[in-house]
>>> print(open('entry_39.tsv').read())   # TSV, C-alpha atoms
chain	number	residue	atom	x	y	z
A	3	MET	CA	-1.84	22.52	10.15
A	4	GLU	CA	-1.38	20.44	13.25
A	5	GLU	CA	0.74	21.90	16.05
A	6	VAL	CA	3.91	19.90	16.72
A	7	ASP	CA	5.99	20.77	19.75
A	8	ASP	CA	7.68	17.54	20.82
A	9	ARG	CA	8.66	14.20	19.38
A	10	ARG	CA	5.53	12.46	20.55
A	11	SER	CA	3.23	15.00	18.92
A	12	ALA	CA	5.32	14.78	15.74
A	13	LEU	CA	4.84	10.99	15.71
A	14	LEU	CA	1.09	11.41	16.19
A	15	ALA	CA	0.86	14.16	13.56
A	16	GLY	CA	2.60	11.91	11.02
A	17	SER	CA	0.23	9.11	11.91
A	18	ARG	CA	-2.85	11.28	11.56
A	19	ALA	CA	-1.67	12.64	8.21
A	20	VAL	CA	-1.77	9.10	6.81
A	21	TRP	CA	-5.22	8.20	8.13
A	22	PRO	CA	-7.22	9.55	5.17
A	23	LEU	CA	-4.98	7.58	2.81
A	24	LEU	CA	-5.76	4.33	4.61
A	25	VAL	CA	-9.18	4.42	2.92
A	26	GLY	CA	-7.25	3.38	-0.18
A	27	VAL	CA	-4.59	1.25	1.49
A	28	PHE	CA	-6.89	-1.22	3.20
A	29	PRO	CA	-8.84	-2.24	0.06
A	30	PHE	CA	-5.53	-2.42	-1.82
A	31	GLY	CA	-4.27	-4.82	0.86
A	32	ILE	CA	-7.39	-6.91	0.40
A	33	VAL	CA	-6.79	-7.00	-3.36
A	34	PHE	CA	-3.22	-8.16	-2.77
A	35	GLY	CA	-4.25	-10.86	-0.29
A	36	ALA	CA	-7.02	-12.11	-2.59
A	37	THR	CA	-4.70	-12.10	-5.63
A	38	THR	CA	-2.19	-14.18	-3.68
A	39	VAL	CA	-4.63	-16.97	-2.81
A	40	GLU	CA	-6.18	-16.83	-6.28
A	41	SER	CA	-2.69	-17.37	-7.73
A	42	GLY	CA	-2.48	-20.58	-5.72
A	43	PHE	CA	-0.49	-19.40	-2.70
A	44	SER	CA	-1.30	-19.33	1.00
A	45	VAL	CA	-2.24	-16.77	3.64
A	46	LEU	CA	1.28	-17.17	5.05
A	47	ASP	CA	2.77	-16.37	1.61
A	48	ALA	CA	0.74	-13.17	1.47
A	49	SER	CA	1.69	-12.16	5.01
A	50	LEU	CA	5.40	-12.86	4.58
A	51	SER	CA	5.41	-10.76	1.42
A	52	SER	CA	3.72	-7.86	3.23
A	53	LEU	CA	6.10	-8.08	6.18
A	54	LEU	CA	9.26	-8.32	4.08
A	55	VAL	CA	8.44	-6.14	1.07
A	56	LEU	CA	5.80	-3.62	2.22
A	57	ALA	CA	5.14	-2.34	-1.30
A	58	GLY	CA	1.75	-3.36	-2.65
A	59	ALA	CA	2.11	-2.89	-6.40
A	60	ALA	CA	5.38	-4.82	-6.47
A	61	GLN	CA	3.94	-7.54	-4.23
A	62	ILE	CA	0.98	-8.02	-6.57
A	63	ALA	CA	3.21	-8.23	-9.64
A	64	ALA	CA	5.56	-10.72	-7.94
A	65	VAL	CA	2.72	-13.00	-6.82
A	66	ASP	CA	0.86	-12.73	-10.12
A	67	LEU	CA	3.94	-13.60	-12.20
A	68	SER	CA	5.04	-16.38	-9.84
A	69	GLY	CA	1.53	-17.86	-10.03
A	70	ASP	CA	1.84	-17.88	-13.82
A	71	GLY	CA	5.10	-19.81	-13.53
A	72	ALA	CA	7.48	-16.96	-14.35
A	73	SER	CA	11.15	-17.40	-13.46
A	74	LEU	CA	12.62	-15.85	-10.36
A	75	ALA	CA	14.51	-13.30	-12.48
A	76	VAL	CA	11.36	-12.16	-14.30
A	77	ALA	CA	9.09	-12.04	-11.24
A	78	ALA	CA	11.63	-10.33	-8.97
A	79	GLY	CA	12.99	-8.09	-11.74
A	80	THR	CA	9.53	-6.80	-12.62
A	81	ALA	CA	8.70	-6.11	-8.98
A	82	LEU	CA	11.98	-4.26	-8.50
A	83	ILE	CA	11.39	-2.09	-11.58
A	84	ILE	CA	8.06	-1.09	-10.05
A	85	ASN	CA	9.89	-0.14	-6.86
A	86	LEU	CA	12.60	1.84	-8.64
A	87	ARG	CA	10.41	4.91	-8.13
A	88	MET	CA	11.49	4.75	-4.49
A	89	LEU	CA	14.98	5.85	-5.57
A	90	LEU	CA	13.38	9.20	-6.20
A	91	TYR	CA	11.58	9.17	-2.84
A	92	SER	CA	14.82	8.25	-1.09
A	93	ALA	CA	16.72	11.06	-2.81
A	94	SER	CA	13.93	13.52	-2.15
A	95	LEU	CA	13.60	12.68	1.55
A	96	ALA	CA	17.33	12.46	2.31
A	97	PRO	CA	18.18	16.19	2.34
A	98	TRP	CA	15.56	16.71	5.07
A	99	LEU	CA	17.08	14.13	7.42
A	100	PRO	CA	20.86	14.61	7.45
A	101	HIS	CA	20.90	14.88	11.27
A	102	VAL	CA	19.46	11.38	11.80
A	103	PRO	CA	22.17	8.78	12.65
A	104	PHE	CA	23.15	6.51	9.75
A	105	GLY	CA	21.87	3.27	11.29
A	106	ARG	CA	18.44	4.68	12.04
A	107	ARG	CA	18.14	6.18	8.56
A	108	VAL	CA	18.97	2.87	6.88
A	109	ALA	CA	16.64	0.92	9.18
A	110	ALA	CA	13.79	3.37	8.73
A	111	ALA	CA	14.16	3.09	4.94
A	112	TYR	CA	12.10	-0.09	5.38
A	113	LEU	CA	9.05	2.13	6.02
A	114	LEU	CA	9.47	4.26	2.88
A	115	THR	CA	6.19	3.94	0.99
A	116	ASP	CA	4.31	6.17	-1.45
A	117	GLN	CA	2.08	7.38	1.37
A	118	ALA	CA	4.72	7.95	4.08
A	119	TYR	CA	6.84	9.77	1.52
A	120	ALA	CA	4.00	11.98	0.26
A	121	VAL	CA	2.78	13.15	3.67
A	122	SER	CA	6.30	13.66	5.05
A	123	VAL	CA	7.65	15.77	2.19
A	124	ASN	CA	4.40	17.74	2.09
A	125	ARG	CA	4.77	18.60	5.76
A	126	TYR	CA	8.51	19.33	5.58
A	127	ASP	CA	7.83	21.73	2.72
A	128	ALA	CA	5.19	23.48	4.82
A	129	GLY	CA	7.66	23.77	7.69
A	130	LEU	CA	8.62	21.37	10.49
A	131	ALA	CA	11.45	21.72	12.99
A	132	VAL	CA	14.50	19.58	12.16
A	133	GLY	CA	14.21	17.63	15.42
A	134	HIS	CA	10.62	16.56	14.67
A	135	ARG	CA	10.99	15.44	11.07
A	136	PHE	CA	12.15	11.89	11.65
A	137	ALA	CA	9.41	11.20	14.22
A	138	TYR	CA	6.81	12.54	11.78
A	139	TYR	CA	8.05	10.13	9.08
A	140	LEU	CA	8.06	7.20	11.52
A	141	GLY	CA	4.51	8.02	12.63
A	142	ALA	CA	3.36	8.00	9.01
A	143	GLY	CA	5.35	4.87	8.12
A	144	TRP	CA	4.29	2.71	11.07
A	145	THR	CA	0.65	3.74	10.69
A	146	LEU	CA	0.69	2.57	7.11
A	147	TRP	CA	2.43	-0.64	8.19
A	148	LEU	CA	-0.23	-1.29	10.85
A	149	CYS	CA	-2.96	-0.97	8.23
A	150	TRP	CA	-1.24	-3.00	5.50
A	151	GLN	CA	-0.51	-6.15	7.52
A	152	PRO	CA	-4.08	-6.97	8.65
A	153	ALA	CA	-5.52	-5.87	5.28
A	154	THR	CA	-3.33	-8.46	3.58
A	155	VAL	CA	-4.48	-11.22	5.93
A	156	VAL	CA	-8.14	-10.27	5.53
A	157	GLY	CA	-7.77	-10.33	1.74
A	158	ALA	CA	-6.05	-13.71	1.78
A	159	VAL	CA	-8.65	-15.22	4.12
A	160	VAL	CA	-11.73	-13.91	2.31
A	161	GLY	CA	-10.12	-14.06	-1.15
A	162	ASP	CA	-11.79	-17.32	-2.09
A	163	THR	CA	-15.19	-16.00	-1.12
A	164	ILE	CA	-15.03	-12.81	-3.23
A	165	PRO	CA	-17.58	-13.41	-6.01
A	166	ASP	CA	-16.25	-13.65	-9.56
A	167	SER	CA	-18.48	-10.73	-10.55
A	168	ILE	CA	-16.13	-8.39	-8.70
A	169	PRO	CA	-13.30	-7.57	-11.08
A	170	ILE	CA	-10.21	-7.98	-8.93
A	171	ASP	CA	-8.13	-7.66	-12.12
A	172	LEU	CA	-9.53	-4.23	-12.76
A	173	ALA	CA	-8.86	-3.18	-9.18
A	174	VAL	CA	-5.22	-4.15	-9.67
A	175	GLU	CA	-4.93	-2.10	-12.86
A	176	LEU	CA	-6.55	0.80	-11.05
A	177	VAL	CA	-4.00	0.60	-8.26
A	178	PHE	CA	-1.18	0.93	-10.78
A	179	LEU	CA	-2.94	3.80	-12.56
A	180	VAL	CA	-3.36	5.59	-9.27
A	181	LEU	CA	0.43	5.50	-8.87
A	182	LEU	CA	1.10	6.52	-12.48
A	183	ILE	CA	-1.10	9.60	-12.67
A	184	PRO	CA	0.50	11.68	-9.90
A	185	ALA	CA	3.94	10.64	-11.19
A	186	ILE	CA	3.30	12.69	-14.36
A	187	ARG	CA	4.04	16.22	-13.23
A	188	ASP	CA	5.49	17.96	-16.25
A	189	ARG	CA	6.11	17.56	-19.96
A	190	PRO	CA	9.30	15.46	-19.69
A	191	ASN	CA	7.41	13.10	-17.35
A	192	LEU	CA	4.59	12.84	-19.90
A	193	LEU	CA	7.08	12.07	-22.67
A	194	ALA	CA	8.75	9.45	-20.47
A	195	ALA	CA	5.40	7.80	-19.74
A	196	ALA	CA	4.23	7.94	-23.37
A	197	THR	CA	7.49	6.48	-24.67
A	198	ALA	CA	7.58	3.73	-22.07
A	199	GLY	CA	3.90	2.92	-22.55
A	200	THR	CA	4.28	2.67	-26.34
A	201	ILE	CA	7.36	0.44	-26.19
A	202	ALA	CA	5.71	-1.75	-23.55
A	203	VAL	CA	2.55	-2.24	-25.64
A	204	VAL	CA	4.50	-2.92	-28.84
A	205	GLY	CA	6.93	-5.20	-27.02
A	206	ALA	CA	4.33	-7.00	-24.90
A	207	GLU	CA	5.00	-10.32	-26.64
A	208	LEU	CA	8.77	-10.26	-26.17
A	209	PRO	CA	10.05	-13.10	-23.98
A	210	ALA	CA	10.65	-12.82	-20.23
A	211	ASN	CA	8.88	-9.50	-19.85
A	212	SER	CA	11.84	-7.86	-21.60
A	213	GLY	CA	9.43	-5.46	-23.33
A	214	MET	CA	8.77	-3.86	-19.97
A	215	PHE	CA	12.46	-3.52	-19.13
A	216	LEU	CA	13.21	-1.93	-22.53
A	217	ALA	CA	10.15	0.31	-22.15
A	218	ALA	CA	11.23	1.62	-18.75
A	219	ILE	CA	14.75	2.34	-19.98
A	220	GLY	CA	13.50	3.99	-23.19
A	221	GLY	CA	11.08	6.17	-21.22
A	222	ILE	CA	13.77	7.25	-18.76
A	223	VAL	CA	16.16	8.18	-21.57
A	224	VAL	CA	13.58	10.20	-23.55
A	225	GLY	CA	12.25	11.93	-20.42
A	226	THR	CA	15.75	12.78	-19.22
A	227	VAL	CA	16.74	14.29	-22.58
A	228	ALA	CA	13.52	16.33	-22.65
A	229	SER	CA	14.05	17.46	-19.09
A	230	LEU	CA	17.68	18.52	-19.63
A	231	ARG	CA	16.60	20.45	-22.72
A	232	SER	CA	13.83	22.32	-20.91
A	233	THR	CA	16.22	23.07	-18.03
A	234	SER	CA	18.77	24.59	-20.37
A	235	ARG	CA	15.99	26.69	-21.88
A	236	VAL	CA	15.13	27.91	-18.38
A	237	ASP	CA	18.75	28.81	-17.80
A	238	ALA	CA	18.59	30.85	-21.00
A	239	GLY	CA	15.62	32.80	-19.70
A	240	GLY	CA	12.64	30.63	-20.66
A	241	ASP	CA	9.84	29.79	-18.25
A	242	ASP	CA	9.03	26.15	-18.96
A	243	GLY	CA	10.47	25.13	-15.71
A	244	ALA	CA	11.94	22.18	-13.95
A	245	ASP	CA	11.43	22.78	-10.25
A	246	GLY	CA	13.48	21.42	-7.39
A	247	LEU	CA	13.71	17.78	-6.45
A	248	ASN	CA	11.13	18.05	-3.71
A	249	GLY	CA	8.51	19.27	-6.12
A	250	ALA	CA	9.28	16.44	-8.46
A	251	ALA	CA	7.78	13.36	-6.93
B	3	MET	CA	5.14	-21.73	1.53
B	4	SER	CA	6.13	-22.47	-2.02
B	5	SER	CA	9.89	-22.22	-2.26
B	6	SER	CA	9.81	-20.38	-5.58
B	7	LEU	CA	7.60	-17.59	-4.26
B	8	LEU	CA	9.64	-17.41	-1.06
B	9	ALA	CA	12.78	-16.87	-3.12
B	10	VAL	CA	11.08	-14.14	-5.17
B	11	THR	CA	9.81	-12.49	-2.00
B	12	VAL	CA	13.25	-12.48	-0.37
B	13	VAL	CA	14.98	-11.09	-3.48
B	14	VAL	CA	12.35	-8.36	-3.86
B	15	ALA	CA	12.53	-7.54	-0.15
B	16	VAL	CA	16.32	-7.16	-0.14
B	17	GLY	CA	16.36	-5.24	-3.42
B	18	THR	CA	13.55	-2.93	-2.33
B	19	TRP	CA	15.31	-2.16	0.94
B	20	GLY	CA	18.44	-1.33	-1.03
B	21	ILE	CA	16.46	1.04	-3.27
B	22	ARG	CA	14.77	2.70	-0.29
B	23	ALA	CA	18.03	3.10	1.63
B	24	SER	CA	20.06	4.23	-1.40
B	25	PHE	CA	20.00	7.99	-0.98
B	26	LEU	CA	18.85	7.97	2.64
B	27	SER	CA	22.09	6.21	3.57
B	28	VAL	CA	24.09	9.17	2.23
B	29	ALA	CA	21.63	11.83	3.42
B	30	HIS	CA	24.35	14.19	4.58
B	31	ARG	CA	25.56	14.47	0.99
B	32	ALA	CA	22.26	14.09	-0.86
B	33	GLY	CA	21.74	17.85	-1.05
B	34	ASP	CA	24.20	18.19	-3.88
B	35	LEU	CA	23.20	15.65	-6.53
B	36	SER	CA	24.22	16.50	-10.08
B	37	PRO	CA	21.54	17.87	-12.44
B	38	LEU	CA	21.89	14.76	-14.62
B	39	VAL	CA	21.22	12.40	-11.69
B	40	LEU	CA	18.22	14.50	-10.68
B	41	ALA	CA	16.87	14.50	-14.23
B	42	VAL	CA	17.16	10.70	-14.45
B	43	LEU	CA	15.58	10.16	-11.02
B	44	ARG	CA	12.60	12.29	-11.94
B	45	GLN	CA	11.81	10.20	-15.03
B	46	ILE	CA	11.86	6.85	-13.25
B	47	PRO	CA	8.36	6.85	-11.73
B	48	PRO	CA	6.43	7.83	-14.89
B	49	ALA	CA	8.49	5.57	-17.18
B	50	ALA	CA	8.50	2.49	-14.94
B	51	LEU	CA	4.82	2.76	-14.05
B	52	ALA	CA	3.65	3.44	-17.62
B	53	ALA	CA	5.62	0.41	-18.82
B	54	LEU	CA	3.75	-1.64	-16.24
B	55	VAL	CA	0.25	-0.19	-16.63
B	56	LEU	CA	-0.38	0.33	-20.34
B	57	PRO	CA	0.01	-3.24	-21.67
B	58	GLY	CA	-2.42	-4.42	-18.99
B	59	LEU	CA	-4.98	-1.73	-19.75
B	60	LEU	CA	-4.81	-2.21	-23.50
B	61	ARG	CA	-4.74	-5.99	-23.63
B	62	PRO	CA	-7.36	-7.26	-26.06
B	63	GLU	CA	-9.20	-9.67	-23.77
B	64	VAL	CA	-10.38	-6.84	-21.52
B	65	SER	CA	-13.50	-5.17	-22.83
B	66	TYR	CA	-14.44	-1.76	-21.58
B	67	ASP	CA	-18.02	-0.64	-21.24
B	68	PRO	CA	-18.02	2.99	-20.07
B	69	TRP	CA	-21.65	2.64	-18.97
B	70	ASN	CA	-20.75	-0.08	-16.55
B	71	ALA	CA	-21.40	1.61	-13.23
B	72	ARG	CA	-18.31	0.32	-11.48
B	73	LEU	CA	-15.90	1.13	-14.27
B	74	GLY	CA	-17.63	4.47	-14.75
B	75	GLY	CA	-17.06	5.30	-11.10
B	76	ALA	CA	-13.43	4.34	-11.38
B	77	LEU	CA	-12.96	6.52	-14.46
B	78	VAL	CA	-14.62	9.49	-12.79
B	79	ALA	CA	-12.30	9.04	-9.81
B	80	LEU	CA	-9.30	8.92	-12.12
B	81	VAL	CA	-10.34	12.06	-13.99
B	82	LEU	CA	-10.82	13.80	-10.62
B	83	ALA	CA	-7.40	12.61	-9.51
B	84	LEU	CA	-5.86	14.03	-12.69
B	85	TRP	CA	-7.69	17.29	-12.36
B	86	ARG	CA	-7.08	17.83	-8.64
B	87	ARG	CA	-3.36	17.49	-8.99
B	88	ASN	CA	-2.35	16.94	-5.42
B	89	ASP	CA	-0.05	14.41	-3.81
B	90	LEU	CA	-2.60	13.52	-1.18
B	91	ALA	CA	-5.86	13.82	-3.10
B	92	THR	CA	-4.78	11.22	-5.65
B	93	PRO	CA	-4.14	8.27	-3.35
B	94	LEU	CA	-7.32	9.15	-1.46
B	95	VAL	CA	-9.53	9.37	-4.54
B	96	GLY	CA	-7.84	6.38	-6.15
B	97	GLY	CA	-8.28	4.36	-3.00
B	98	LEU	CA	-11.96	5.25	-2.88
B	99	ALA	CA	-12.27	4.09	-6.48
B	100	VAL	CA	-10.70	0.73	-5.58
B	101	ALA	CA	-12.96	0.47	-2.55
B	102	ALA	CA	-16.00	1.26	-4.69
B	103	LEU	CA	-14.98	-1.43	-7.15
B	104	LEU	CA	-14.65	-3.99	-4.41
B	105	LEU	CA	-17.91	-3.05	-2.78
B	106	GLN	CA	-19.68	-2.58	-6.12
B	107	LEU	CA	-20.95	0.79	-5.04
B	108	GLY	CA	-19.39	2.54	-8.05
>>> encode(input="entry_39.tsv", output="structure tokens")
Amino acid sequence: MEEVDDRRSALLAGSRAVWPLLVGVFPFGIVFGATTVESGFSVLDASLSSLLVLAGAAQIAAVDLSGDGASLAVAAGTALIINLRMLLYSASLAPWLPHVPFGRRVAAAYLLTDQAYAVSVNRYDAGLAVGHRFAYYLGAGWTLWLCWQPATVVGAVVGDTIPDSIPIDLAVELVFLVLLIPAIRDRPNLLAAATAGTIAVVGAELPANSGMFLAAIGGIVVGTVASLRSTSRVDAGGDDGADGLNGAA
Amino acid sequence: MSSSLLAVTVVVAVGTWGIRASFLSVAHRAGDLSPLVLAVLRQIPPAALAALVLPGLLRPEVSYDPWNARLGGALVALVLALWRRNDLATPLVGGLAVAALLLQLG
């Protein structure tokens, strides 16, 4: 594990922890940029979305639905459901950063991505002095940001020239799957995913994407009930365990 | 910029920032969330993402040929990601799978 003894080295350590993940982030950015122009929007549209939203899966869904003529409520609502997972990241990161001033915490929330979250919590768990934690997170977050912005532009510029034989659609599905798989960490999670997936498939034809909204809610309810049940069994001496919040994302 | 997409982008940006800042904004008190809140939070990622992914994967107009080299590569990467259950391995392997798809090296 990298030695961290001042703020600057913490920033650099956070940055370096994200580097290997950029192998996936850059192509994902290209997919987003290409999807944007293929949906009939411009390079500027793609770039603005990346600057303002900084959350690839939600950006793709928003652009895809808008290109198909979906209403603002459906396009934005779907994207926000995708980003709801960041509630968990926010809750999981917060206990590590209580010393950071309020304004800086709220501003830095902008940089909270799957990758910045994953490397930060991993490192905090392994041990990192309180004074270096925030810098580590910022190093990870800004590094991801610096990769995402140009990737988006490249994708939007070359999007038209990507041959039809390359299945951009499939790449998009893969991106979502890559998020889903690590999110399933225990049996309640699996039940939540199975319930939500089933409702979403059955309800796929419901108007205004409402099948997806119902599916997410149904999955959360079933998973929560299963999780509370297994927790009470643990309290009674069982071993099928719910671990702490930080192990949960 | 099309005004409709701009509106969607702005709403998603503001909403996403709110989601990201939610618990971070009360970090000094976030240590003592109730078990029910924790239980709900932990089900959000699998439920929301499965609701998004499965209809797309199972839609009838997509045909899957497991012998297709690119798709095969992607599936291998996904199985590896599942098997090597690690926060960091999964985005790395998944990203490689996406890269392979794009480059047709799969």
>>> closest_residue(input="entry_39.tsv", among="B:Leu8, B:Phe25, B:Leu56, B:Thr18", to="B:Val39", atoms="all atoms listed in the file")
B:Phe25
>>> closest_residue(input="entry_39.tsv", among="A:Ala109, A:Ala63, A:Ala120, A:Leu50", to="B:Gly58", atoms="only C-alpha atoms")
A:Ala63
>>> atom_distance(input="entry_39.tsv", atom1="atom CA of A:Leu86", atom2="atom CA of A:Val180")
16.4 Å
>>> closest_residue(input="entry_39.tsv", among="B:Ala53, B:Ala29, B:Val12, B:Leu60", to="A:Met214", atoms="only C-alpha atoms")
B:Ala53
>>> residues_around(input="entry_39.tsv", residues="stretch 121-135 of chain A", least_positions_apart="4", cutoff="10 Å", atoms="all atoms listed in the file", output="VMD selection string")
(chain A and resid 3 to 13 15 to 20 23 91 94 to 95 98 to 102 116 to 117 139 to 143 248 to 249 251) or (chain B and resid 89 to 90)
>>> atom_distance(input="entry_39.tsv", atom1="atom CA of A:Pro184", atom2="atom CA of B:Ile46")
12.8 Å
